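Enquirer: Contents are mmCIF, C-alpha atoms; file name model_37.cif:
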```cif
data_work
loop_
_atom_site.group_PDB
_atom_site.id
_atom_site.type_symbol
_atom_site.label_atom_id
_atom_site.label_comp_id
_atom_site.auth_asym_id
_atom_site.auth_seq_id
_atom_site.Cartn_x
_atom_site.Cartn_y
_atom_site.Cartn_z
ATOM 1 C CA MET A 1 8.763 150.427 -1.371
ATOM 2 C CA LEU A 2 9.012 153.520 0.793
ATOM 3 C CA ALA A 3 12.536 154.680 1.480
ATOM 4 C CA SER A 4 13.573 154.431 5.104
ATOM 5 C CA ILE A 5 13.705 157.749 6.911
ATOM 6 C CA VAL A 6 17.162 158.625 8.194
ATOM 7 C CA PRO A 7 16.888 160.775 11.348
ATOM 8 C CA LEU A 8 18.640 164.109 11.238
ATOM 9 C CA PRO A 9 21.677 164.388 13.524
ATOM 10 C CA PRO A 10 21.075 166.304 16.742
ATOM 11 C CA ARG A 11 21.904 170.010 16.606
ATOM 12 C CA LEU A 12 24.221 171.296 19.340
ATOM 13 C CA LEU A 13 25.116 174.834 20.381
ATOM 14 C CA LEU A 14 28.764 175.408 21.313
ATOM 15 C CA LEU A 15 29.719 178.676 23.030
ATOM 16 C CA GLU A 16 33.506 179.017 22.848
ATOM 17 C CA ASP A 17 35.572 182.113 22.060
ATOM 18 C CA ASP A 18 39.018 180.517 21.626
ATOM 19 C CA PRO A 19 39.462 179.550 17.926
ATOM 20 C CA ALA A 20 41.715 176.558 18.576
ATOM 21 C CA SER A 21 39.459 175.158 21.305
ATOM 22 C CA ALA A 22 36.365 175.737 19.185
ATOM 23 C CA ALA A 23 37.875 173.929 16.192
ATOM 24 C CA ALA A 24 38.961 170.976 18.325
ATOM 25 C CA LEU A 25 35.587 170.671 20.061
ATOM 26 C CA GLN A 26 33.679 170.918 16.786
ATOM 27 C CA ALA A 27 35.886 168.224 15.231
ATOM 28 C CA GLY A 28 35.329 166.018 18.255
ATOM 29 C CA LEU A 29 31.541 166.386 18.116
ATOM 30 C CA LEU A 30 30.957 165.888 14.392
ATOM 31 C CA PRO A 31 31.593 162.080 14.432
ATOM 32 C CA LEU A 32 28.637 161.529 16.799
ATOM 33 C CA PRO A 33 27.266 162.593 14.212
ATOM 34 C CA ALA A 34 26.013 166.034 15.206
ATOM 35 C CA ALA A 35 25.421 169.416 13.636
ATOM 36 C CA VAL A 36 27.240 172.075 15.655
ATOM 37 C CA ASP A 37 26.319 175.762 15.762
ATOM 38 C CA LEU A 38 29.245 177.831 17.045
ATOM 39 C CA ALA A 39 28.847 181.075 18.968
ATOM 40 C CA THR A 40 31.971 182.986 19.971
ATOM 41 C CA ASN A 41 30.272 185.416 22.360
ATOM 42 C CA VAL A 42 27.398 185.458 24.832
ATOM 43 C CA ALA A 43 25.192 187.721 22.709
ATOM 44 C CA ASP A 44 25.274 185.405 19.691
ATOM 45 C CA ALA A 45 24.770 182.328 21.879
ATOM 46 C CA ASP A 46 21.756 183.982 23.507
ATOM 47 C CA ALA A 47 20.171 184.612 20.100
ATOM 48 C CA LEU A 48 20.849 181.080 18.848
ATOM 49 C CA ALA A 49 19.708 179.374 22.054
ATOM 50 C CA THR A 50 16.473 181.353 22.167
ATOM 51 C CA ARG A 51 15.370 179.717 18.905
ATOM 52 C CA GLY A 52 14.953 176.469 20.861
ATOM 53 C CA THR A 53 16.229 174.179 18.098
ATOM 54 C CA HIS A 54 19.139 172.553 19.950
ATOM 55 C CA ALA A 55 19.265 169.178 21.661
ATOM 56 C CA LEU A 56 22.151 170.292 23.907
ATOM 57 C CA TRP A 57 24.106 173.404 24.859
ATOM 58 C CA LEU A 58 27.851 173.417 25.612
ATOM 59 C CA PHE A 59 28.892 176.710 27.237
ATOM 60 C CA ASP A 60 32.352 177.930 28.111
ATOM 61 C CA LEU A 61 32.124 179.814 31.401
ATOM 62 C CA GLN A 62 34.510 182.728 30.712
ATOM 63 C CA LEU A 63 33.730 184.868 27.656
ATOM 64 C CA PRO A 64 34.865 188.398 26.709
ATOM 65 C CA ASP A 65 31.310 189.746 26.954
ATOM 66 C CA GLY A 66 30.046 187.757 29.941
ATOM 67 C CA ARG A 67 29.778 184.355 31.560
ATOM 68 C CA GLY A 68 28.260 181.136 30.288
ATOM 69 C CA ASP A 69 26.610 180.331 33.617
ATOM 70 C CA GLU A 70 24.929 183.755 33.713
ATOM 71 C CA LEU A 71 23.646 183.182 30.167
ATOM 72 C CA LEU A 72 22.248 179.819 31.193
ATOM 73 C CA ALA A 73 20.469 181.385 34.173
ATOM 74 C CA ARG A 74 18.771 183.892 31.866
ATOM 75 C CA LEU A 75 17.724 181.150 29.453
ATOM 76 C CA ARG A 76 16.311 179.067 32.313
ATOM 77 C CA ASP A 77 14.369 182.116 33.530
ATOM 78 C CA ARG A 78 12.759 182.281 30.078
ATOM 79 C CA GLY A 79 11.549 178.706 30.463
ATOM 80 C CA LEU A 80 14.162 177.025 28.227
ATOM 81 C CA HIS A 81 15.161 173.631 29.625
ATOM 82 C CA THR A 82 17.662 172.348 27.043
ATOM 83 C CA PRO A 83 20.308 170.150 28.739
ATOM 84 C CA ALA A 84 23.625 171.957 29.164
ATOM 85 C CA LEU A 85 27.278 171.098 29.767
ATOM 86 C CA ALA A 86 29.756 173.618 31.180
ATOM 87 C CA LEU A 87 33.292 173.905 29.787
ATOM 88 C CA SER A 88 36.046 175.416 31.900
ATOM 89 C CA ALA A 89 39.826 175.455 32.091
ATOM 90 C CA ASP A 90 39.477 176.125 35.826
ATOM 91 C CA PRO A 91 36.583 173.934 37.016
ATOM 92 C CA ASP A 92 35.511 174.371 40.604
ATOM 93 C CA ALA A 93 31.984 174.012 41.959
ATOM 94 C CA MET A 94 29.234 172.934 39.583
ATOM 95 C CA PRO A 95 27.476 176.033 38.205
ATOM 96 C CA ARG A 96 23.708 175.968 38.670
ATOM 97 C CA GLY A 97 21.606 174.640 35.799
ATOM 98 C CA PHE A 98 24.294 172.509 34.135
ATOM 99 C CA GLN A 99 24.165 168.720 34.090
ATOM 100 C CA ARG A 100 27.962 168.447 34.285
ATOM 101 C CA ILE A 101 31.140 170.511 34.087
ATOM 102 C CA LEU A 102 33.958 169.344 31.796
ATOM 103 C CA ALA A 103 37.544 170.410 32.420
ATOM 104 C CA LYS A 104 39.479 171.740 29.429
ATOM 105 C CA PRO A 105 41.517 170.429 27.770
ATOM 106 C CA LEU A 106 39.610 167.153 27.578
ATOM 107 C CA ALA A 107 39.881 164.022 25.449
ATOM 108 C CA LEU A 108 37.462 164.174 22.538
ATOM 109 C CA ALA A 109 36.158 160.692 23.305
ATOM 110 C CA GLU A 110 35.292 161.947 26.804
ATOM 111 C CA LEU A 111 33.489 164.909 25.245
ATOM 112 C CA ARG A 112 31.432 162.661 22.963
ATOM 113 C CA ALA A 113 30.593 160.316 25.834
ATOM 114 C CA ALA A 114 29.403 163.244 27.975
ATOM 115 C CA VAL A 115 27.220 164.509 25.125
ATOM 116 C CA ALA A 116 25.893 161.025 24.353
ATOM 117 C CA ALA A 117 24.796 160.670 27.975
ATOM 118 C CA LEU A 118 22.379 163.599 27.550
ATOM 119 C CA LEU A 119 20.926 162.762 24.126
ATOM 120 C CA PRO A 120 18.194 160.203 23.372
ATOM 121 C CA PRO A 121 19.905 156.962 22.202
ATOM 122 C CA GLU A 122 17.876 156.938 18.966
ATOM 123 C CA GLN A 123 19.560 160.211 17.938
ATOM 124 C CA LEU A 124 22.986 158.574 17.943
ATOM 125 C CA PRO A 125 24.549 155.679 16.026
ATOM 126 C CA PRO A 126 25.168 152.665 18.280
ATOM 127 C CA TRP A 127 28.923 152.680 17.567
ATOM 128 C CA ASP A 128 31.472 155.517 17.701
ATOM 129 C CA GLU A 129 33.983 154.408 15.064
ATOM 130 C CA VAL A 130 36.488 157.184 15.784
ATOM 131 C CA ALA A 131 36.702 156.375 19.500
ATOM 132 C CA ALA A 132 36.811 152.634 18.862
ATOM 133 C CA LEU A 133 39.639 152.773 16.312
ATOM 134 C CA ALA A 134 41.599 155.109 18.576
ATOM 135 C CA ALA A 135 41.262 152.588 21.421
ATOM 136 C CA VAL A 136 42.832 149.821 19.285
ATOM 137 C CA ALA A 137 45.480 151.983 17.584
ATOM 138 C CA GLY A 138 43.633 151.959 14.264
ATOM 139 C CA GLN A 139 43.579 148.167 13.910
ATOM 140 C CA ALA A 140 40.220 147.523 12.204
ATOM 141 C CA ALA A 141 40.552 143.731 12.325
ATOM 142 C CA ALA A 142 41.234 143.807 16.059
ATOM 143 C CA LEU A 143 38.210 146.044 16.551
ATOM 144 C CA GLN A 144 35.931 143.598 14.746
ATOM 145 C CA THR A 145 37.221 140.739 16.890
ATOM 146 C CA LEU A 146 36.618 142.731 20.080
ATOM 147 C CA ARG A 147 33.109 143.670 18.976
ATOM 148 C CA HIS A 148 32.282 140.049 18.201
ATOM 149 C CA LEU A 149 33.354 139.021 21.715
ATOM 150 C CA PHE A 150 31.531 141.974 23.238
ATOM 151 C CA LEU A 151 28.267 141.122 21.484
ATOM 152 C CA GLU A 152 28.559 137.463 22.438
ATOM 153 C CA GLU A 153 28.647 138.384 26.129
ATOM 154 C CA LEU A 154 26.165 141.273 26.026
ATOM 155 C CA PRO A 155 22.871 139.257 26.106
ATOM 156 C CA ASP A 156 23.841 137.492 29.334
ATOM 157 C CA GLN A 157 25.154 140.706 30.887
ATOM 158 C CA ARG A 158 21.917 142.482 29.927
ATOM 159 C CA ARG A 159 19.852 139.729 31.523
ATOM 160 C CA GLN A 160 21.904 139.792 34.741
ATOM 161 C CA VAL A 161 21.694 143.589 35.038
ATOM 162 C CA VAL A 162 17.936 143.648 34.474
ATOM 163 C CA GLN A 163 17.363 140.857 36.989
ATOM 164 C CA ALA A 164 19.533 142.545 39.618
ATOM 165 C CA CYS A 165 17.887 145.948 39.139
ATOM 166 C CA ARG A 166 14.370 144.546 39.280
ATOM 167 C CA ALA A 167 15.250 142.554 42.397
ATOM 168 C CA GLY A 168 16.616 145.661 44.105
ATOM 169 C CA ASP A 169 20.149 144.219 44.167
ATOM 170 C CA GLU A 170 22.092 147.456 43.688
ATOM 171 C CA ALA A 171 25.488 145.935 44.530
ATOM 172 C CA GLY A 172 24.990 143.070 42.083
ATOM 173 C CA ALA A 173 23.868 145.390 39.300
ATOM 174 C CA ARG A 174 26.794 147.756 39.869
ATOM 175 C CA ALA A 175 29.299 144.886 39.734
ATOM 176 C CA ILE A 176 28.117 143.821 36.272
ATOM 177 C CA LEU A 177 27.796 147.395 35.036
ATOM 178 C CA HIS A 178 31.328 148.160 36.217
ATOM 179 C CA ARG A 179 32.669 145.362 34.006
ATOM 180 C CA LEU A 180 30.612 146.613 31.081
ATOM 181 C CA LYS A 181 32.101 150.123 31.236
ATOM 182 C CA GLY A 182 35.519 149.050 30.017
ATOM 183 C CA GLY A 183 34.162 146.905 27.226
ATOM 184 C CA CYS A 184 31.909 149.675 25.942
ATOM 185 C CA GLY A 185 34.855 152.038 25.736
ATOM 186 C CA PHE A 186 37.085 149.600 23.842
ATOM 187 C CA VAL A 187 34.481 148.822 21.174
ATOM 188 C CA GLY A 188 33.108 152.363 20.834
ATOM 189 C CA ALA A 189 29.603 151.688 22.169
ATOM 190 C CA LEU A 190 29.257 155.241 23.482
ATOM 191 C CA PRO A 191 25.441 155.415 23.798
ATOM 192 C CA LEU A 192 25.502 152.164 25.779
ATOM 193 C CA LEU A 193 28.429 153.451 27.851
ATOM 194 C CA ALA A 194 26.404 156.542 28.747
ATOM 195 C CA ALA A 195 23.434 154.356 29.703
ATOM 196 C CA VAL A 196 25.667 152.059 31.776
ATOM 197 C CA ARG A 197 27.105 155.016 33.692
ATOM 198 C CA SER A 198 23.644 156.433 34.413
ATOM 199 C CA LEU A 199 22.329 153.085 35.618
ATOM 200 C CA HIS A 200 25.472 152.446 37.682
ATOM 201 C CA ALA A 201 24.773 155.717 39.499
ATOM 202 C CA ALA A 202 21.125 154.765 40.158
ATOM 203 C CA PRO A 203 20.413 151.038 39.642
ATOM 204 C CA LEU A 204 16.832 151.369 40.889
ATOM 205 C CA ASP A 205 15.949 154.202 38.488
ATOM 206 C CA ALA A 206 13.346 152.835 36.049
ATOM 207 C CA PRO A 207 14.034 155.295 33.178
ATOM 208 C CA ALA A 208 17.785 154.573 33.436
ATOM 209 C CA LEU A 209 17.075 150.843 33.186
ATOM 210 C CA LEU A 210 14.824 151.358 30.156
ATOM 211 C CA ARG A 211 17.556 153.388 28.437
ATOM 212 C CA PHE A 212 20.086 150.651 29.193
ATOM 213 C CA GLU A 213 17.797 147.976 27.716
ATOM 214 C CA ALA A 214 17.096 150.093 24.621
ATOM 215 C CA CYS A 215 20.817 150.618 23.975
ATOM 216 C CA CYS A 216 21.536 146.894 24.379
ATOM 217 C CA ASP A 217 18.689 145.988 22.040
ATOM 218 C CA ARG A 218 19.960 148.380 19.345
ATOM 219 C CA LEU A 219 23.403 146.778 19.416
ATOM 220 C CA LEU A 220 22.085 143.236 19.466
ATOM 221 C CA GLY A 221 19.531 143.947 16.763
ATOM 222 C CA GLY A 222 22.279 145.066 14.417
ATOM 223 C CA ALA A 223 24.670 142.234 15.256
#
```
Using structure tokens, write down the structure from this file.
Expert:
Amino acid sequence: MLASIVPLPPRLLLLEDDPASAAALQAGLLPLPAAVDLATNVADADALATRGTHALWLFDLQLPDGRGDELLARLRDRGLHTPALALSADPDAMPRGFQRILAKPLALAELRAAVAALLPPEQLPPWDEVAALAAVAGQAAALQTLRHLFLEELPDQRRQVVQACRAGDEAGARAILHRLKGGCGFVGALPLLAAVRSLHAAPLDAPALLRFEACCDRLLGGA
């Protein structure tokens, strides 16, 4: 028999000059799982990003040798379209070119959820064990019980969401998706949570619906 091929974890580029913040962010990203390249200045980040090997960039905006948003503008001018998240202790308006700005300090589960929302679901495990155990105070037995209940309800919720979206019933779809958000967070279904949030924002978006269905099917297929 041929051995199954295990996909490599996505590679992320983190631009952060503060050692404590960098260590915390790296620790928060590794459980995705993900491989994290750290740059502590704009020049090094520019060189690493130009290689084009990253699935996502996370750029602090204020660096000793420049700004993360100005670096992103230069990279975009070169034709590089890697998704990017901005990190800032003083968030204001959304800098151009970023998908989202995250305010520091931020909960590591929030960081992983924001990253998961921008990565293909197949690059991530269906469950985030670290986030899930944190949500239930480390009680593994309670987590298994919650996941069992969650998976029992998921097929019917999936069916209702798909029907509502295909019928153009945005309010109906959002009502079901709103209920799903909390459950996803408690059981650590971060890829599904990201898909739920995207579909909640645009229930008539066909790619968002396909991502939602794919995430549900991965969870249900492994149940």
Enquirer: For a quick check of understanding, using all atoms listed in the file, which of A:Leu75, A:Ala134, A:Cys184, A:Ala189 has the smallest distance to Arg51 in chain A?
Expert: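 Answer, going by the shortest atom-to-atom distance: A:Leu75.
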Enquirer: Can you tell me, as lines of an AutoDock Vina configuration file, the centre and edge lengths (Å, one decimal) of the axis-aligned box enclosing all of range 17-27 of chain A's listed atoms after padding each side by 3 Å?
Expert:
```
center_x = 37.7
center_y = 175.2
center_z = 18.6
size_x = 14.0
size_y = 19.9
size_z = 12.8
```
Enquirer: Rounded to one decimal, what separation in Å do you get between CA of Glu170 in chain A and CA of Arg211 in chain A?
Expert: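 Computed distance, CA of Glu170 in chain A to CA of Arg211 in chain A, equals 17.0 Å.
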Enquirer: For the file shown, report as a ChimeraX atom specification the outcome of the PyMOL selection byres ((chain A and resi 126-128) around 6) at residue level.
Expert: /A:125,129-131,188-189
Enquirer: Which residue, A:Met94, A:Ala195, A:Ala49, A:Leu12, has the smallest gap to Arg78 in chain A when you use all atoms listed in the file?
Expert: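 The shortest atom-to-atom distance to Arg78 in chain A comes from A:Ala49.
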Enquirer: Give me, as CSV, the closest atom pair and its distance (Å, one decimal) for every residue of range 29-59 of chain A within a cut-off of 8 Å of range 103-115 of chain A, counting all atoms listed in the file, rows sorted by chain and rising number.
Expert:
```
residue,atom,partner,partner_atom,distance
A:Leu29,CA,A:Arg112,CA,6.1
A:Leu32,CA,A:Arg112,CA,6.9
A:Leu56,CA,A:Val115,CA,7.8
```
Enquirer: In Å to one decimal, how far is CA of Gln26 in chain A from CA of Ala201 in chain A?
Expert: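 CA of Gln26 in chain A lies 28.7 Å from CA of Ala201 in chain A.
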Enquirer: Find, counting all atoms listed in the file, the residue in A:Leu15, A:Leu80, A:Leu85, A:Ala132 that gets nearest to Pro31 in chain A.
Expert: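 The shortest atom-to-atom distance to Pro31 in chain A comes from A:Ala132.
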Enquirer: Using the chain letters and numbers from this file, what does the PyMOL selection byres ((chain A and resi 204) around 7) select? Give the answer as a list in words.
Expert: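 On this input, the PyMOL selection byres ((chain A and resi 204) around 7) captures Cys165, Gly168, Ala202, Pro203, Asp205 and Ala206 of chain A.
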Enquirer: Go ahead and write the residues just picked, C-alpha atoms, as a CSV table (one decimal), in the coordinates of the input.
Expert:
```csv
chain,number,residue,atom,x,y,z
A,165,CYS,CA,17.9,145.9,39.1
A,168,GLY,CA,16.6,145.7,44.1
A,202,ALA,CA,21.1,154.8,40.2
A,203,PRO,CA,20.4,151.0,39.6
A,205,ASP,CA,15.9,154.2,38.5
A,206,ALA,CA,13.3,152.8,36.0
```
Enquirer: To one decimal place, how far is CA of Pro9 in chain A from CA of Leu30 in chain A in Å?
Expert: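 Going from CA of Pro9 in chain A over to CA of Leu30 in chain A covers 9.4 Å.
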Enquirer: Assuming the chain letters and numbering stay as they are in my file, what does the PyMOL selection byres ((chain A and resi 139-156) around 10) actually select? List them as a PyMOL selection string.
Expert: chain A and resi 129+132-138+157-162+180+183-184+186-189+216-217+219-220+223
Enquirer: Step by step: start from the point (32.5, 188.3, 25.7) in the file's coordinates, keep every protein, DNA or RNA residue that has an atom no farther than 7 Å from it, count only C-alpha atoms, and write the set as a ChimeraX atom specification.
Expert: /A:41-42,63-66
Enquirer: Please determine, counting all atoms listed in the file, which residue among A:Pro91, A:Pro83, A:Gly182, A:Gly97 has the shortest atom-to-atom distance to Leu118 in chain A.
Expert: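 Distance minimum relative to Leu118 in chain A lands on A:Pro83.
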Enquirer: N, CA and C atoms for range 194-213 of chain A, written as a compact mmCIF listing (two decimals), in the frame of the given file, could you do that?
Expert:
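Produced file selection-v9.txt, reproduced below:
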```
# COMPACT_ATOMS: atom_id res chain seq x y z
N ALA A 194 27.12 155.49 28.02
CA ALA A 194 26.40 156.54 28.75
C ALA A 194 25.27 155.95 29.57
N ALA A 195 24.54 154.99 28.99
CA ALA A 195 23.43 154.36 29.70
C ALA A 195 23.95 153.54 30.88
N VAL A 196 25.06 152.86 30.70
CA VAL A 196 25.67 152.06 31.78
C VAL A 196 26.06 152.97 32.94
N ARG A 197 26.68 154.10 32.63
CA ARG A 197 27.10 155.02 33.69
C ARG A 197 25.90 155.56 34.46
N SER A 198 24.84 155.91 33.75
CA SER A 198 23.64 156.43 34.41
C SER A 198 23.02 155.38 35.31
N LEU A 199 22.93 154.15 34.83
CA LEU A 199 22.33 153.08 35.62
C LEU A 199 23.23 152.70 36.79
N HIS A 200 24.54 152.74 36.59
CA HIS A 200 25.47 152.45 37.68
C HIS A 200 25.28 153.44 38.82
N ALA A 201 24.99 154.70 38.47
CA ALA A 201 24.77 155.72 39.50
C ALA A 201 23.45 155.53 40.23
N ALA A 202 22.46 154.93 39.55
CA ALA A 202 21.12 154.76 40.16
C ALA A 202 20.49 153.48 39.64
N PRO A 203 20.91 152.31 40.16
CA PRO A 203 20.41 151.04 39.64
C PRO A 203 18.91 150.83 39.79
N LEU A 204 18.27 151.55 40.69
CA LEU A 204 16.83 151.37 40.89
C LEU A 204 16.00 152.39 40.11
N ASP A 205 16.66 153.19 39.27
CA ASP A 205 15.95 154.20 38.49
C ASP A 205 15.35 153.55 37.24
N ALA A 206 14.02 153.53 37.15
CA ALA A 206 13.35 152.84 36.05
C ALA A 206 13.68 153.43 34.68
N PRO A 207 13.66 154.75 34.49
CA PRO A 207 14.03 155.29 33.18
C PRO A 207 15.47 154.94 32.78
N ALA A 208 16.40 154.93 33.74
CA ALA A 208 17.78 154.57 33.44
C ALA A 208 17.86 153.12 32.98
N LEU A 209 17.08 152.25 33.59
CA LEU A 209 17.08 150.84 33.19
C LEU A 209 16.49 150.70 31.78
N LEU A 210 15.42 151.43 31.49
CA LEU A 210 14.82 151.36 30.16
C LEU A 210 15.81 151.83 29.09
N ARG A 211 16.55 152.90 29.40
CA ARG A 211 17.56 153.39 28.44
C ARG A 211 18.64 152.34 28.23
N PHE A 212 19.08 151.71 29.30
CA PHE A 212 20.09 150.65 29.19
C PHE A 212 19.58 149.52 28.30
N GLU A 213 18.35 149.07 28.52
CA GLU A 213 17.80 147.98 27.72
C GLU A 213 17.68 148.38 26.25
```
